[in-house]
$ cat start20.csv   # CSV, C-alpha atoms and all ligand atoms
chain,number,residue,atom,x,y,z
H,1,MET,CA,173.4,215.5,73.6
H,2,ALA,CA,171.0,216.0,70.6
H,3,THR,CA,170.4,219.7,70.2
H,4,SER,CA,167.6,219.8,67.7
H,5,PRO,CA,164.2,220.1,69.3
H,6,VAL,CA,161.6,217.5,68.3
H,7,GLY,CA,160.3,218.8,65.0
H,8,GLU,CA,157.2,217.9,63.0
H,9,VAL,CA,158.1,214.3,62.4
H,10,PRO,CA,155.8,212.5,60.0
H,11,CYS,CA,153.9,209.9,61.9
H,12,VAL,CA,153.7,206.4,60.5
H,13,SER,CA,151.0,205.2,62.9
H,14,ARG,CA,147.7,204.6,61.1
H,15,ARG,CA,145.7,204.3,64.3
H,16,ARG,CA,146.9,207.6,65.8
H,17,PRO,CA,147.4,210.2,63.2
H,18,GLN,CA,146.9,213.0,65.7
H,19,VAL,CA,150.0,213.8,67.7
H,20,PHE,CA,150.9,216.7,70.0
H,21,ILE,CA,153.2,219.1,68.3
H,22,SER,CA,155.0,221.3,70.7
H,23,PRO,CA,154.3,225.0,70.0
H,24,MET,CA,157.8,225.8,71.0
H,25,PRO,CA,159.6,227.9,68.3
H,26,GLU,CA,163.1,227.0,67.4
H,27,LEU,CA,165.4,229.8,68.5
H,28,GLU,CA,168.9,230.3,67.2
H,29,SER,CA,170.3,232.8,69.5
H,30,PRO,CA,174.0,232.6,70.2
H,31,GLN,CA,175.2,231.1,73.5
H,32,ARG,CA,177.7,232.2,75.9
H,33,GLN,CA,177.6,229.1,78.1
H,34,THR,CA,177.6,225.4,77.4
H,35,PRO,CA,174.3,223.6,77.9
H,36,ASP,CA,175.7,221.7,80.9
H,37,SER,CA,176.3,224.9,82.9
H,38,LEU,CA,172.9,226.2,82.1
H,39,MET,CA,170.9,223.1,82.9
H,40,LEU,CA,171.4,220.9,86.0
H,41,THR,CA,171.0,217.2,85.9
H,42,GLY,CA,170.3,215.0,88.9
H,43,PHE,CA,167.0,216.7,89.7
H,44,TRP,CA,163.3,216.2,89.2
H,45,TYR,CA,161.6,218.5,86.6
H,46,ARG,CA,158.0,219.2,85.8
H,47,ALA,CA,157.4,217.6,82.4
H,48,LEU,CA,153.8,218.2,81.6
H,49,PRO,CA,150.5,219.1,83.4
H,50,ALA,CA,149.0,215.7,84.5
H,51,ASP,CA,145.7,216.5,82.6
H,52,ARG,CA,147.7,216.4,79.3
H,53,VAL,CA,149.2,213.0,79.9
H,54,HIS,CA,146.9,210.2,78.6
H,55,ARG,CA,147.1,206.6,77.5
H,56,ASN,CA,146.4,207.7,73.9
H,57,PRO,CA,147.6,209.7,72.2
H,58,LEU,CA,151.1,209.7,73.7
H,59,GLN,CA,152.5,213.2,74.4
H,60,LYS,CA,155.8,214.7,73.4
H,61,ALA,CA,157.7,216.8,75.8
H,62,MET,CA,161.3,218.1,76.0
H,63,LEU,CA,163.4,218.6,79.1
H,64,LEU,CA,167.0,219.8,79.1
H,65,GLU,CA,167.1,219.2,75.3
H,66,ILE,CA,166.1,215.6,75.8
H,67,PRO,CA,163.1,214.6,73.7
H,68,LEU,CA,160.6,212.6,75.7
H,69,VAL,CA,157.4,210.7,75.0
H,70,LEU,CA,154.9,210.5,77.9
H,71,GLY,CA,151.9,208.4,78.5
H,72,ARG,CA,150.0,206.3,81.0
H,73,ASP,CA,149.7,202.6,81.3
H,74,ARG,CA,146.5,200.6,81.8
H,75,GLN,CA,146.6,201.4,85.6
H,76,GLY,CA,147.0,205.1,84.9
H,77,GLN,CA,150.6,205.1,85.9
H,78,PRO,CA,152.6,207.8,84.0
H,79,PHE,CA,155.8,206.9,82.2
H,80,ALA,CA,158.4,208.7,80.2
H,81,LEU,CA,160.7,207.3,77.5
H,82,ARG,CA,163.3,209.0,75.4
H,83,ASP,CA,161.5,209.8,72.2
H,84,ALA,CA,163.9,207.9,70.0
H,85,CYS,CA,164.0,204.2,69.4
H,86,PRO,CA,167.4,202.6,70.4
H,87,HIS,CA,167.4,200.7,67.1
H,88,ARG,CA,167.5,203.5,64.5
H,89,GLY,CA,166.2,206.6,66.2
H,90,MET,CA,162.6,206.6,65.1
H,91,PRO,CA,160.5,208.8,67.5
H,92,LEU,CA,158.5,206.4,69.7
H,93,HIS,CA,155.5,208.7,69.9
H,94,CYS,CA,154.9,207.7,66.2
H,95,GLY,CA,154.4,204.1,67.2
H,96,GLN,CA,151.6,202.3,68.9
H,97,PHE,CA,150.8,201.8,72.5
H,98,ASP,CA,148.5,199.1,73.9
H,99,GLY,CA,148.6,200.2,77.5
H,100,GLU,CA,151.6,198.1,78.4
H,101,GLN,CA,154.2,198.2,75.6
H,102,VAL,CA,155.2,200.8,73.1
H,103,GLU,CA,155.8,199.5,69.6
H,104,CYS,CA,158.1,201.4,67.4
H,105,GLY,CA,156.6,202.3,64.0
H,106,TYR,CA,159.7,201.4,62.0
H,107,HIS,CA,160.5,197.8,62.6
H,108,GLY,CA,158.1,196.9,65.4
H,109,TRP,CA,160.5,196.6,68.3
H,110,ARG,CA,158.4,196.5,71.5
H,111,PHE,CA,159.4,198.2,74.8
H,112,ASP,CA,157.9,197.9,78.2
H,113,ALA,CA,156.5,201.4,78.8
H,114,LEU,CA,157.5,201.6,82.5
H,115,THR,CA,161.0,200.2,82.3
H,116,GLY,CA,162.0,200.7,78.7
H,117,GLN,CA,163.1,197.1,78.4
H,118,CYS,CA,162.8,195.6,75.0
H,119,GLN,CA,160.3,192.8,74.8
H,120,LEU,CA,160.3,191.8,71.2
H,121,ILE,CA,162.2,192.2,67.9
H,122,PRO,CA,159.9,190.8,65.2
H,123,SER,CA,162.7,190.3,62.6
H,124,LEU,CA,164.5,187.7,64.7
H,125,THR,CA,164.2,184.1,63.6
H,126,ALA,CA,163.8,181.2,66.0
H,127,ASP,CA,167.5,180.3,65.8
H,128,GLN,CA,168.9,183.8,66.3
H,129,THR,CA,170.0,184.2,69.9
H,130,LEU,CA,170.2,188.0,70.3
H,131,LYS,CA,169.3,188.8,74.0
H,132,VAL,CA,166.4,191.1,73.4
H,133,ASP,CA,165.9,191.9,77.2
H,134,ARG,CA,169.3,193.4,77.4
H,135,ILE,CA,168.2,196.3,75.2
H,136,TYR,CA,166.5,199.3,76.7
H,137,ALA,CA,164.8,202.4,75.3
H,138,GLY,CA,165.9,205.4,77.4
H,139,SER,CA,163.5,205.4,80.4
H,140,TYR,CA,163.0,208.0,83.1
H,141,ALA,CA,161.5,207.8,86.6
H,142,CYS,CA,158.1,209.6,86.8
H,143,GLN,CA,156.0,210.8,89.6
H,144,GLU,CA,152.7,212.6,89.6
H,145,HIS,CA,152.1,215.3,92.2
H,146,ASP,CA,150.0,218.4,92.5
H,147,GLN,CA,148.6,218.3,88.9
H,148,PHE,CA,152.0,217.7,87.2
H,149,VAL,CA,153.9,214.7,85.9
H,150,TRP,CA,157.5,215.1,87.1
H,151,VAL,CA,160.4,213.4,85.4
H,152,TYR,CA,163.8,212.7,87.0
H,153,ILE,CA,166.7,213.7,84.8
H,154,PRO,CA,169.7,211.7,86.0
H,155,GLU,CA,173.4,212.5,85.7
H,156,PRO,CA,175.0,211.7,83.5
H,157,PRO,CA,172.1,211.8,81.1
H,158,ALA,CA,170.8,208.4,80.3
H,159,ALA,CA,172.1,207.3,76.9
H,160,GLY,CA,169.5,207.5,74.2
H,161,ALA,CA,170.1,204.0,72.9
H,162,GLY,CA,171.4,200.8,74.1
H,163,PHE,CA,171.6,199.1,77.4
H,164,THR,CA,170.9,201.7,80.0
H,165,LYS,CA,168.3,200.9,82.7
H,166,GLN,CA,166.2,203.6,84.3
H,167,VAL,CA,168.1,205.4,87.1
H,168,GLU,CA,166.5,205.2,90.6
H,169,PRO,CA,166.1,208.8,91.9
H,170,PRO,CA,167.7,209.5,95.2
H,171,MET,CA,164.8,211.6,96.4
H,172,ALA,CA,161.1,212.1,95.8
H,173,ALA,CA,159.8,214.8,93.5
H,174,PRO,CA,159.1,218.1,95.2
H,175,GLN,CA,155.6,218.8,96.5
H,176,ILE,CA,153.7,221.9,97.3
H,177,GLN,CA,153.7,222.9,101.0
H,178,ARG,CA,150.3,222.2,102.6
H,179,VAL,CA,149.5,223.6,106.0
H,180,THR,CA,146.2,221.6,106.2
H,181,GLU,CA,145.2,218.5,104.2
H,182,THR,CA,142.1,219.9,102.6
H,183,CYS,CA,142.8,222.5,100.0
H,184,LYS,CA,142.2,223.6,96.4
H,185,LEU,CA,144.8,223.5,93.7
H,186,ALA,CA,145.2,225.2,90.4
H,187,TYR,CA,148.0,225.6,87.9
H,188,LEU,CA,149.3,228.0,85.3
H,189,THR,CA,152.0,227.5,82.7
H,190,ALA,CA,153.8,229.8,80.2
H,191,ASP,CA,156.6,229.3,77.7
H,192,MET,CA,159.5,231.7,77.9
H,193,PRO,CA,161.9,232.2,75.0
H,194,VAL,CA,164.9,232.7,77.2
H,195,SER,CA,167.4,230.3,78.9
H,196,VAL,CA,166.5,228.8,82.3
H,197,ASP,CA,168.9,231.2,84.0
H,198,HIS,CA,167.1,234.3,82.7
H,199,GLY,CA,163.8,232.7,83.6
H,200,ILE,CA,164.9,232.1,87.1
H,201,ILE,CA,166.6,235.4,87.8
H,202,GLY,CA,163.6,237.2,86.3
H,203,LEU,CA,161.4,235.3,88.7
H,204,MET,CA,163.4,236.3,91.8
H,205,ASP,CA,164.1,239.8,90.7
H,206,PRO,CA,162.4,242.3,93.0
H,207,ALA,CA,163.1,245.5,90.9
H,208,HIS,CA,160.9,244.9,87.8
H,209,GLY,CA,157.6,245.0,89.6
H,210,PRO,CA,156.8,248.7,89.3
H,211,PHE,CA,157.7,248.7,85.6
H,212,VAL,CA,156.4,245.3,84.4
H,213,HIS,CA,153.5,244.6,86.6
H,214,GLN,CA,151.5,247.9,86.4
H,215,ALA,CA,147.7,247.8,86.2
H,216,TRP,CA,145.2,250.3,87.2
H,217,TRP,CA,143.5,247.9,89.6
H,218,TRP,CA,146.8,246.9,91.0
H,219,ARG,CA,149.6,249.3,91.4
H,220,LYS,CA,151.0,252.4,89.8
H,221,ARG,CA,154.6,253.0,89.0
H,222,ALA,CA,154.5,255.8,91.7
H,223,SER,CA,153.9,253.2,94.4
H,224,ILE,CA,157.6,252.4,94.4
H,225,HIS,CA,159.1,252.6,97.8
H,226,GLU,CA,162.0,251.4,99.8
H,227,LYS,CA,161.9,247.8,101.1
H,228,GLN,CA,164.2,245.8,103.3
H,229,LYS,CA,164.1,242.0,103.6
H,230,LYS,CA,166.0,239.5,105.6
H,231,PHE,CA,167.5,236.4,103.8
H,232,GLU,CA,169.0,233.3,105.2
H,233,PRO,CA,170.8,230.3,103.7
H,234,ILE,CA,168.9,227.0,103.5
H,235,PRO,CA,170.2,223.7,102.0
H,236,ASN,CA,170.7,224.2,98.2
H,237,GLY,CA,169.2,227.7,98.3
H,238,PHE,CA,168.1,230.7,100.3
H,239,ARG,CA,165.0,232.0,102.2
H,240,MET,CA,163.4,235.3,102.4
H,241,SER,CA,162.6,235.0,106.1
H,242,ALA,CA,159.1,235.1,107.4
H,243,HIS,CA,157.8,238.7,107.1
H,244,THR,CA,154.7,240.7,106.6
H,245,PRO,CA,154.2,240.7,102.8
H,246,SER,CA,154.7,243.9,100.8
H,247,SER,CA,151.6,246.1,100.8
H,248,ASN,CA,151.6,245.9,97.0
H,249,SER,CA,151.8,242.1,96.7
H,250,ALA,CA,148.8,240.2,95.2
H,251,PRO,CA,148.0,237.5,97.8
H,252,TYR,CA,148.5,240.0,100.6
H,253,LYS,CA,145.7,242.2,99.2
H,254,LEU,CA,143.4,239.2,99.1
H,255,LEU,CA,144.4,238.0,102.6
H,256,ARG,CA,143.7,241.4,104.1
H,257,LEU,CA,140.1,240.4,103.6
H,258,TYR,CA,140.5,237.6,106.1
H,259,ALA,CA,143.0,238.8,108.7
H,260,ASP,CA,144.7,241.7,110.4
H,261,ALA,CA,147.7,243.0,108.5
H,262,ASP,CA,150.0,242.1,111.5
H,263,SER,CA,149.0,238.4,111.5
H,264,ILE,CA,149.9,237.8,107.9
H,265,THR,CA,153.3,236.3,107.2
H,266,THR,CA,155.0,235.1,104.1
H,267,THR,CA,158.1,232.9,103.6
H,268,ILE,CA,159.7,232.6,100.2
H,269,ASP,CA,162.3,229.9,99.4
H,270,PHE,CA,164.5,229.4,96.4
H,271,THR,CA,166.2,226.0,96.0
H,272,LEU,CA,168.2,224.5,93.2
H,273,PRO,CA,167.6,223.7,90.5
H,274,ASN,CA,164.5,225.8,89.9
H,275,LEU,CA,162.1,225.9,92.8
H,276,ARG,CA,160.4,228.9,94.3
H,277,THR,CA,158.1,228.1,97.2
H,278,GLU,CA,155.9,230.8,98.8
H,279,THR,CA,153.7,230.2,101.8
H,280,ILE,CA,151.5,232.9,103.2
H,281,ARG,CA,149.7,232.4,106.4
H,282,ALA,CA,146.9,234.4,108.0
H,283,GLY,CA,145.6,232.7,111.1
H,284,LYS,CA,144.0,229.5,110.0
H,285,TYR,CA,144.0,230.5,106.4
H,286,TRP,CA,146.9,229.9,104.1
H,287,PHE,CA,148.0,230.2,100.5
H,288,SER,CA,151.0,228.3,99.1
H,289,SER,CA,152.6,228.1,95.7
H,290,LEU,CA,155.4,226.1,94.0
H,291,THR,CA,156.8,227.8,90.9
H,292,THR,CA,159.3,226.1,88.7
H,293,VAL,CA,161.3,227.3,85.8
H,294,THR,CA,162.0,224.3,83.6
H,295,PRO,CA,164.8,224.2,81.1
H,296,ILE,CA,163.4,223.0,77.8
H,297,THR,CA,166.3,223.8,75.5
H,298,ARG,CA,169.3,226.0,76.1
H,299,ASN,CA,167.4,229.1,75.2
H,300,HIS,CA,163.9,228.2,76.1
H,301,CYS,CA,162.2,227.6,79.4
H,302,ARG,CA,158.8,227.2,80.9
H,303,ILE,CA,157.3,228.6,84.0
H,304,ASP,CA,154.7,226.5,85.9
H,305,VAL,CA,152.9,227.8,88.9
H,306,VAL,CA,150.9,225.5,91.1
H,307,ALA,CA,149.0,227.2,93.9
H,308,ALA,CA,147.1,225.6,96.8
H,309,TRP,CA,144.9,227.4,99.3
H,310,ASN,CA,142.2,227.0,101.9
H,311,LEU,CA,140.7,230.4,101.4
H,312,PHE,CA,137.6,231.8,99.6
H,313,ARG,CA,135.0,229.6,101.2
H,314,TRP,CA,132.7,232.6,101.4
H,315,MET,CA,134.1,234.6,98.6
H,316,PRO,CA,132.4,233.9,95.2
H,317,PHE,CA,134.9,234.0,92.3
H,318,GLY,CA,137.8,234.1,94.8
H,319,PRO,CA,139.8,231.4,93.0
H,320,GLU,CA,138.9,232.9,89.6
H,321,LEU,CA,140.1,236.3,90.7
H,322,LEU,CA,143.3,234.9,92.0
H,323,LYS,CA,143.9,232.9,88.8
H,324,PHE,CA,143.2,236.1,86.8
H,325,VAL,CA,145.7,238.0,88.8
H,326,PHE,CA,148.4,235.3,88.5
H,327,ALA,CA,147.7,234.8,84.7
H,328,LYS,CA,148.1,238.5,84.2
H,329,PHE,CA,151.4,238.6,86.1
H,330,VAL,CA,152.8,235.6,84.3
H,331,GLU,CA,151.8,237.1,80.9
H,332,GLN,CA,153.5,240.3,81.8
H,333,ASP,CA,156.6,238.4,82.6
H,334,ARG,CA,156.4,236.3,79.5
H,335,ARG,CA,156.0,239.3,77.3
H,336,THR,CA,158.9,241.0,79.0
H,337,MET,CA,161.1,238.0,78.5
H,338,GLU,CA,160.1,237.7,74.9
H,339,LEU,CA,161.3,241.3,74.3
H,340,GLN,CA,164.4,240.6,76.4
H,341,SER,CA,165.3,237.6,74.2
H,342,GLN,CA,165.6,240.0,71.2
H,343,GLY,CA,168.3,241.9,73.1
H,344,LEU,CA,170.0,238.7,74.3
H,345,LYS,CA,170.3,237.4,70.7
H,346,HIS,CA,173.3,239.7,70.2
H,347,ASN,CA,175.1,238.4,73.2
H,348,PRO,CA,175.4,241.6,75.1
H,349,HIS,CA,177.5,242.1,78.2
H,350,LEU,CA,175.3,242.1,81.2
H,351,MET,CA,175.6,243.2,84.8
H,352,LEU,CA,174.1,242.4,88.2
H,353,ILE,CA,173.9,245.1,90.9
H,354,ASP,CA,173.6,245.1,94.7
H,355,ASP,CA,171.2,244.7,96.4
H,356,ALA,CA,168.4,244.3,93.9
H,357,ASP,CA,170.3,241.6,91.9
H,358,ARG,CA,171.9,239.9,94.9
H,359,PRO,CA,169.4,237.0,94.7
H,360,ALA,CA,170.4,236.5,91.1
H,361,LYS,CA,174.1,236.5,92.1
H,362,TRP,CA,173.4,233.9,94.8
H,363,TYR,CA,171.6,231.8,92.2
H,364,PHE,CA,174.7,231.7,89.9
H,365,GLU,CA,176.9,231.1,93.0
H,366,LEU,CA,174.7,228.3,94.2
H,367,LYS,CA,174.8,226.7,90.8
H,368,ALA,CA,178.6,227.0,90.5
H,369,ALA,CA,179.0,225.6,94.0
H,370,TYR,CA,176.7,222.7,93.2
H,371,LEU,CA,178.6,221.9,90.0
H,372,GLU,CA,182.0,222.2,91.8
H,373,ALA,CA,180.8,219.8,94.5
H,374,LYS,CA,179.7,217.4,91.8
H,375,ARG,CA,183.0,217.7,90.0
H,376,THR,CA,185.2,217.2,93.1
H,377,GLY,CA,182.9,214.8,95.0
H,378,SER,CA,183.1,216.9,98.1
H,379,ALA,CA,180.3,218.5,100.1
H,380,MET,CA,178.7,221.6,98.5
H,381,LYS,CA,180.1,224.9,99.9
H,382,HIS,CA,177.2,227.2,100.5
H,383,PRO,CA,177.8,230.6,99.0
H,384,ILE,CA,175.7,232.5,101.6
H,385,PRO,CA,177.6,232.2,104.9
H,386,GLU,CA,175.0,233.9,107.2
H,387,PRO,CA,171.7,235.8,107.3
H,388,VAL,CA,171.8,239.1,105.5
H,389,THR,CA,169.4,242.1,105.0
H,390,LEU,CA,169.0,243.4,101.5
H,391,LYS,CA,167.5,246.8,100.6
H,392,TRP,CA,165.9,248.0,97.4
H,393,ARG,CA,163.1,250.2,96.0
H,394,SER,CA,160.2,248.5,94.3
V,401,LIG,S1,163.9,202.2,64.5
V,401,LIG,FE1,162.6,201.4,66.0
V,401,LIG,S2,162.4,199.4,65.5
V,401,LIG,FE2,163.8,200.1,64.1
V,402,FE,FE,157.4,239.3,87.4

$ encode --input "start20.csv" --output "structure tokens"
Amino acid sequence: MATSPVGEVPCVSRRRPQVFISPMPELESPQRQTPDSLMLTGFWYRALPADRVHRNPLQKAMLLEIPLVLGRDRQGQPFALRDACPHRGMPLHCGQFDGEQVECGYHGWRFDALTGQCQLIPSLTADQTLKVDRIYAGSYACQEHDQFVWVYIPEPPAAGAGFTKQVEPPMAAPQIQRVTETCKLAYLTADMPVSVDHGIIGLMDPAHGPFVHQAWWWRKRASIHEKQKKFEPIPNGFRMSAHTPSSNSAPYKLLRLYADADSITTTIDFTLPNLRTETIRAGKYWFSSLTTVTPITRNHCRIDVVAAWNLFRWMPFGPELLKFVFAKFVEQDRRTMELQSQGLKHNPHLMLIDDADRPAKWYFELKAAYLEAKRTGSAMKHPIPEPVTLKWRS
């Protein structure tokens, strides 16, 4: 697997001198684990917000250290190709796109954008019989849902060059849980300079709230109190069973404007490889979010939150308020992980404690069980045998 992130490659296209350059810094922290054990293949991942994927210019993205180029064909259908020509590796985002075929900027080979199949090699003479249509640029299944373009990363990773056709995904890309059809949607995204594992266990960690998420309008450190939550196993993950949300949780404070405290319930699921789903219901009102932590490189991930709701009909600025609160929280997490990455550079020994870090332990156990099942071809052995109650102070 190529390990160098897409750098600032000089573009040879005359028509499209403007290309998207990923703002991601290149990090060189030492690694304790191999990339394969950090990043799971055989799943859908959010590649880019849908409003950043256009017909022209094509967009670069990176998933699991695979450089991709994304665009839309004439019908608006998104596509994702490996951003390296199977001929001699030229990044395809530097070529030209006519709405149907991507033309490499080096020797003009043309590839069907949706399938990656080679359509033309201009240097071939009439009597040369090379079978052009047997050649494929790496091509990935794409789906657009809930404001994001998702890309299926198969296992084993599709070869960057040669004769590999697009892999048909065994399941559809995840979608946000909707209680009613009509709702509003919004998204937030933040780059985190840590591995996907640290991103995920940071997301599910209940103990950092009083220290990281302080704000005068929100909560003080002194609001820390003992909590107790029930968890149960679900396929590929675990669920914090339906309960009344913590009195110091953000959506809860907003929902209190709509309903009695007793009628508000929240359910939070984590499922491999990286999905956190939260659904809060208060009578006929609901709020749902699907948060993903996407592995970009072995020491860089991205958190994307998409929220859907049917609230705020009479509340001016309700959605803006909610977005502000979420943006603030995500920024506090991002800043914390940026600092954490400085400590992680020196490869320290780390520890996970009960019960506050139990979800993090389950995450690693789930991942290990998934990889073991893949290795042996047997059914995955779920690491959480039965429902359990965890206690912590936060
Ligand atoms: S490198 Fe792409 S056509 Fe030669
Ligand atoms: Fe947080």

$ closest_residue --input "start20.csv" --among "H:Asn310, H:Thr294, H:Gln340, H:Gln214" --to "Val151 (chain H)" --atoms "only C-alpha atoms"
H:Thr294

$ residues_around --input "start20.csv" --residues "Pro78 (chain H)" --least-positions-apart "4" --cutoff "12 Å" --atoms "all atoms listed in the file" --output "ChimeraX atom specification"
/H:47-56,58-59,69-74,99-100,113-115,139-145,148-151

$ residues_near_ligand --input "start20.csv" --ligand "ligand FE 402 (chain V)" --cutoff "8 Å" --atoms "all atoms listed in the file" --output "list in words"
Gly202, Leu203, Asp205, His208, Gly209, Val212, His213, Phe329, Val330, Gln332 and Asp333 of chain H

$ closest_residue --input "start20.csv" --among "H:Ile234, H:Leu350, H:Met380, H:Ala84" --to "ligand LIG 401 (chain V)" --atoms "only C-alpha atoms and all ligand atoms"
H:Ala84

$ residues_near_ligand --input "start20.csv" --ligand "ligand LIG 401 (chain V)" --cutoff "7 Å" --atoms "only C-alpha atoms and all ligand atoms" --output "PyMOL selection string"
chain H and resi 85-90+104-109

$ closest_residue --input "start20.csv" --among "H:Gln166, H:Phe43, H:Val132, H:Lys184" --to "Ala80 (chain H)" --atoms "all atoms listed in the file"
H:Gln166

$ atom_distance --input "start20.csv" --atom1 "CA of Phe97 (chain H)" --atom2 "CA of Tyr45 (chain H)"
24.4 Å

$ atom_distance --input "start20.csv" --atom1 "CA of Phe231 (chain H)" --atom2 "CA of Ile353 (chain H)"
16.8 Å
